[in-house]
Amino acid sequence: MKSLSKEIIRKSLLILVTIYIIQLLVAYFLSGEFIFRRTELLLLSSLACTVSYFCLQSRKYFIFLFLLVIMFLSVFYLKTGILKNPIRDYELVKYTAFSVGVTNLFILLSTLINKNKFAYLLRFIILFVLITPIIILWGYYFSASAWLNVDAVLAIMQTNFNEAREYLHDYLPVYYYVILLLIITLLVAFSFYLKKLNFVNCYENKTLYFFIVFAILISAFSIYKNRVNILTQVGLDPQIYLQRYEDFNKQIEKRKQNINQILQVDTNSNGGVYVLVIGESQNKNYMSAYGYERKTTPWLDSIKNNDNIVFFENTHSCHTHTVPVLTYALTAKNQYNDIELPKAVSLLEVAEAAGFDTVWISNQVKYGLWDTPTTVIANEANQQKWMNDSFGEDTATKYFDGKLLECLDSIKYSDKMLIVIHLMGNHGSYAERYPQEFNKFTSKSIVDEYDNSILYNDFVMQNLYEKLKNLPNFKCMVYFADHADAVKQKLGHDASKYIPEMTDIPFYICLSDDYIKKNKDKVDNLQRAEDKYFTNDLIFNTVLSLMNIKIDDLYEIENDITSAEYDANPERFRTLYGKKRIGEK
């Protein structure tokens, strides 16, 4: 083959145009309308396919190309056809060109390694890696009936083996595993039959090498040109969030320097022991103290009307995942201000600058796959007690939350302290969050298991409070949950399948007699606010105000629920980092 005949050129042009038109028709099928914007991107992938066919001269090439491209395009149909998520028309063009480019490059490389004795295994491994994101997106749909978004990806990155096992057990249907087995079988067969493709006179014709390299380069360029698309965006978006978290981590020393310049401490406060307890996945609609028909919170029921208790009725979470919630709840950043996260001082940083000893006690894992602001804040504590020492490898709690009482016995106390206690609470799987003696509701359904975990949480909080209130100079205990779970709906707390119930959380404050006596105006304001709206990203303001600490330029009186000037307008309150109004579906 020393020169290209006119017949080959004519045939190649016909194939080029045909592939281009087919891609336009596919775009029409997926979008319901003809798309012409940015369709020049399809010419690249069409050219790559045309040259590849010229090198292979086999109709099997188009069969393999078609089947693999359909696999890739299935996720586009999932997002727009099944989930009805609107996207811009040129995004479809980009993703189609990307899919064809990736598929074509895979076929070319697979053919190049045909003579390798491990060719079959290599093809399967490469193919499995390429298809894995598609399997994950469909698997997430089967478990959540939603598109895998940035919040879910970040939550997965903080998930470890045992938590993943619990999630799959609770939410992934059995038929998905059957489908997964069928897909793997197809990939095995696909990898086997690809050996039937070979380049024409590949080892005798040097001209052919040029076209092979040209096809590979065009495919790679098409992939690069369309690298940002609906599939890759699933992985790219979390990187932006992670960079914000990394910036927060790097600014620790700078924040500490700034705090000393703007800090004000009420000298009449005389210190005291303040306790912040963070619950997990607790839905107030399953607590009898909030009107639930089952008696799941007997202790809270008995004290909620006491003068020492401020019991809030309309509290909601600022997000439905733990890390986003605590990132805002424990720093000066919230949904209602424009503070940059890296510059947002943390609760523990401020408390330490004000001369308080700080303690962090937790029954959750210390680290996931990456450090978050929550991790950084916890590491700032003077004393740390981690009951779950698995460091992100396993969330199977060695102890129930009641074991936290022993941690309280092991810390060094002073008369000026902030103690943060992070419970495992009501985190799924619910049946693993309470001992057998709290199996009151028979555990015949997921609701029974959840109710039992609520009952045990009430018992834990009763014992914590009884122990804490007897500490010398105890001032108050603040309790709130990070977010709720949609239990009956079996939706967990995944933001991608958001319903308002995922934000319905408990919030209450237990005050000492001494604190009430010395802070009467503040306590009166709190009691008048019991039925006012509140989101837990304002916990930072609440706790610092209770501790009589103010930060110049960062103090937000409208977000301080202990103030008479607290802005309780229901219309202003948001969740999902401002994306939804409270109660909005």
# chains A, B, ... in the order shown; residues from 1 in each chain; ligands from 1

$ residues_around --residues "Tyr533 in chain A" --least-positions-apart "6" --cutoff "9 Å" --atoms "only C-alpha atoms" --output "PDB file with all heavy atoms, in the first residue's frame"
ATOM      1  N   PHE A 312     -35.852  23.875  71.732  1.00  0.00           N
ATOM      2  CA  PHE A 312     -36.171  24.568  70.480  1.00  0.00           C
ATOM      3  C   PHE A 312     -36.983  23.666  69.552  1.00  0.00           C
ATOM      4  O   PHE A 312     -36.668  22.496  69.340  1.00  0.00           O
ATOM      5  CB  PHE A 312     -34.891  25.018  69.789  1.00  0.00           C
ATOM      6  CG  PHE A 312     -34.093  26.012  70.591  1.00  0.00           C
ATOM      7  CD1 PHE A 312     -33.094  25.590  71.459  1.00  0.00           C
ATOM      8  CD2 PHE A 312     -34.374  27.370  70.508  1.00  0.00           C
ATOM      9  CE1 PHE A 312     -32.372  26.500  72.214  1.00  0.00           C
ATOM     10  CE2 PHE A 312     -33.658  28.287  71.259  1.00  0.00           C
ATOM     11  CZ  PHE A 312     -32.654  27.853  72.122  1.00  0.00           C
ATOM     12  N   GLU A 313     -38.026  24.247  68.967  1.00  0.00           N
ATOM     13  CA  GLU A 313     -38.994  23.482  68.172  1.00  0.00           C
ATOM     14  C   GLU A 313     -38.720  23.519  66.675  1.00  0.00           C
ATOM     15  O   GLU A 313     -39.085  22.583  65.964  1.00  0.00           O
ATOM     16  CB  GLU A 313     -40.411  24.030  68.413  1.00  0.00           C
ATOM     17  CG  GLU A 313     -40.908  23.899  69.845  1.00  0.00           C
ATOM     18  CD  GLU A 313     -41.404  22.497  70.164  1.00  0.00           C
ATOM     19  OE1 GLU A 313     -41.428  21.651  69.250  1.00  0.00           O
ATOM     20  OE2 GLU A 313     -41.766  22.270  71.335  1.00  0.00           O
ATOM     21  N   ASN A 314     -38.101  24.575  66.174  1.00  0.00           N
ATOM     22  CA  ASN A 314     -37.986  24.769  64.722  1.00  0.00           C
ATOM     23  C   ASN A 314     -36.527  24.857  64.262  1.00  0.00           C
ATOM     24  O   ASN A 314     -36.126  25.825  63.604  1.00  0.00           O
ATOM     25  CB  ASN A 314     -38.738  26.029  64.297  1.00  0.00           C
ATOM     26  CG  ASN A 314     -40.240  25.838  64.344  1.00  0.00           C
ATOM     27  OD1 ASN A 314     -40.754  24.872  63.767  1.00  0.00           O
ATOM     28  ND2 ASN A 314     -40.942  26.716  65.036  1.00  0.00           N
ATOM     29  N   THR A 315     -35.775  23.846  64.612  1.00  0.00           N
ATOM     30  CA  THR A 315     -34.359  23.821  64.249  1.00  0.00           C
ATOM     31  C   THR A 315     -34.140  22.904  63.049  1.00  0.00           C
ATOM     32  O   THR A 315     -34.727  21.827  62.953  1.00  0.00           O
ATOM     33  CB  THR A 315     -33.513  23.325  65.426  1.00  0.00           C
ATOM     34  OG1 THR A 315     -33.758  24.164  66.553  1.00  0.00           O
ATOM     35  CG2 THR A 315     -32.036  23.365  65.075  1.00  0.00           C
ATOM     36  N   HIS A 316     -33.256  23.343  62.155  1.00  0.00           N
ATOM     37  CA  HIS A 316     -32.970  22.580  60.943  1.00  0.00           C
ATOM     38  C   HIS A 316     -31.467  22.582  60.676  1.00  0.00           C
ATOM     39  O   HIS A 316     -30.741  23.472  61.141  1.00  0.00           O
ATOM     40  CB  HIS A 316     -33.720  23.170  59.746  1.00  0.00           C
ATOM     41  CG  HIS A 316     -35.200  23.219  59.954  1.00  0.00           C
ATOM     42  ND1 HIS A 316     -36.040  22.196  59.588  1.00  0.00           N
ATOM     43  CD2 HIS A 316     -35.993  24.171  60.519  1.00  0.00           C
ATOM     44  CE1 HIS A 316     -37.282  22.503  59.908  1.00  0.00           C
ATOM     45  NE2 HIS A 316     -37.287  23.699  60.477  1.00  0.00           N
ATOM     46  N   ALA A 568     -35.402  36.289  63.273  1.00  0.00           N
ATOM     47  CA  ALA A 568     -36.120  35.015  63.220  1.00  0.00           C
ATOM     48  C   ALA A 568     -37.073  34.922  62.027  1.00  0.00           C
ATOM     49  O   ALA A 568     -37.943  34.045  61.995  1.00  0.00           O
ATOM     50  CB  ALA A 568     -36.907  34.817  64.517  1.00  0.00           C
ATOM     51  N   ASN A 569     -36.912  35.788  61.037  1.00  0.00           N
ATOM     52  CA  ASN A 569     -37.775  35.749  59.861  1.00  0.00           C
ATOM     53  C   ASN A 569     -37.661  34.392  59.163  1.00  0.00           C
ATOM     54  O   ASN A 569     -36.593  34.055  58.636  1.00  0.00           O
ATOM     55  CB  ASN A 569     -37.381  36.868  58.894  1.00  0.00           C
ATOM     56  CG  ASN A 569     -38.240  36.877  57.647  1.00  0.00           C
ATOM     57  OD1 ASN A 569     -39.236  36.162  57.543  1.00  0.00           O
ATOM     58  ND2 ASN A 569     -37.842  37.695  56.679  1.00  0.00           N
ATOM     59  N   PRO A 570     -38.716  33.597  59.117  1.00  0.00           N
ATOM     60  CA  PRO A 570     -38.636  32.239  58.535  1.00  0.00           C
ATOM     61  C   PRO A 570     -38.185  32.232  57.081  1.00  0.00           C
ATOM     62  O   PRO A 570     -37.571  31.266  56.629  1.00  0.00           O
ATOM     63  CB  PRO A 570     -40.073  31.712  58.669  1.00  0.00           C
ATOM     64  CG  PRO A 570     -40.689  32.516  59.762  1.00  0.00           C
ATOM     65  CD  PRO A 570     -40.059  33.873  59.651  1.00  0.00           C
ATOM     66  N   PHE A 573     -34.276  31.594  56.172  1.00  0.00           N
ATOM     67  CA  PHE A 573     -33.518  30.394  56.552  1.00  0.00           C
ATOM     68  C   PHE A 573     -33.389  29.415  55.395  1.00  0.00           C
ATOM     69  O   PHE A 573     -34.335  29.157  54.653  1.00  0.00           O
ATOM     70  CB  PHE A 573     -34.148  29.739  57.780  1.00  0.00           C
ATOM     71  CG  PHE A 573     -33.935  30.533  59.026  1.00  0.00           C
ATOM     72  CD1 PHE A 573     -34.893  31.436  59.470  1.00  0.00           C
ATOM     73  CD2 PHE A 573     -32.759  30.413  59.745  1.00  0.00           C
ATOM     74  CE1 PHE A 573     -34.688  32.194  60.611  1.00  0.00           C
ATOM     75  CE2 PHE A 573     -32.537  31.172  60.880  1.00  0.00           C
ATOM     76  CZ  PHE A 573     -33.501  32.055  61.315  1.00  0.00           C
TER      77      PHE A 573
END

$ closest_residue --among "A:Tyr290, A:Ser545, A:Leu83, A:Thr296" --to "Asp531 in chain A" --atoms "only C-alpha atoms"
A:Tyr290

$ residues_around --residues "Leu464 in chain A" --least-positions-apart "5" --cutoff "9 Å" --atoms "only C-alpha atoms" --output "mmCIF file with N, CA, C and O atoms, in the first residue's frame"
data_model
loop_
_atom_site.group_PDB
_atom_site.id
_atom_site.type_symbol
_atom_site.label_atom_id
_atom_site.label_comp_id
_atom_site.auth_asym_id
_atom_site.auth_seq_id
_atom_site.Cartn_x
_atom_site.Cartn_y
_atom_site.Cartn_z
ATOM 1 N N GLY A 402 -22.529 5.025 75.169
ATOM 2 C CA GLY A 402 -22.481 5.075 76.627
ATOM 3 C C GLY A 402 -21.077 5.004 77.186
ATOM 4 O O GLY A 402 -20.813 5.460 78.302
ATOM 5 N N LEU A 404 -18.723 6.736 76.367
ATOM 6 C CA LEU A 404 -18.174 8.091 76.456
ATOM 7 C C LEU A 404 -18.091 8.582 77.895
ATOM 8 O O LEU A 404 -17.280 9.460 78.216
ATOM 9 N N LEU A 405 -18.931 8.055 78.757
ATOM 10 C CA LEU A 405 -18.912 8.453 80.170
ATOM 11 C C LEU A 405 -17.561 8.160 80.795
ATOM 12 O O LEU A 405 -17.080 8.923 81.646
ATOM 13 N N LEU A 408 -15.048 10.812 79.949
ATOM 14 C CA LEU A 408 -15.168 12.003 80.797
ATOM 15 C C LEU A 408 -14.396 11.845 82.097
ATOM 16 O O LEU A 408 -13.914 12.834 82.667
ATOM 17 N N PHE A 459 -31.049 7.806 76.547
ATOM 18 C CA PHE A 459 -30.411 7.247 77.754
ATOM 19 C C PHE A 459 -28.986 7.775 77.905
ATOM 20 O O PHE A 459 -28.554 8.153 79.007
ATOM 21 N N LYS A 469 -23.495 17.983 84.917
ATOM 22 C CA LYS A 469 -24.056 19.065 85.727
ATOM 23 C C LYS A 469 -23.494 19.091 87.141
ATOM 24 O O LYS A 469 -23.614 20.098 87.839
#

$ residues_around --residues "Ser52 in chain A" --least-positions-apart "3" --cutoff "7 Å" --atoms "only C-alpha atoms" --output "ChimeraX atom specification"
/A:48-49,55-56,212,215

$ residues_around --residues "Lys385 in chain A" --least-positions-apart "4" --cutoff "9 Å" --atoms "only C-alpha atoms" --output "PyMOL selection string"
chain A and resi 359-363+407+410-411

$ closest_residue --among "A:Asn337, A:Pro435, A:Ser563, A:Ile278" --to "Tyr479 in chain A" --atoms "only C-alpha atoms"
A:Ile278
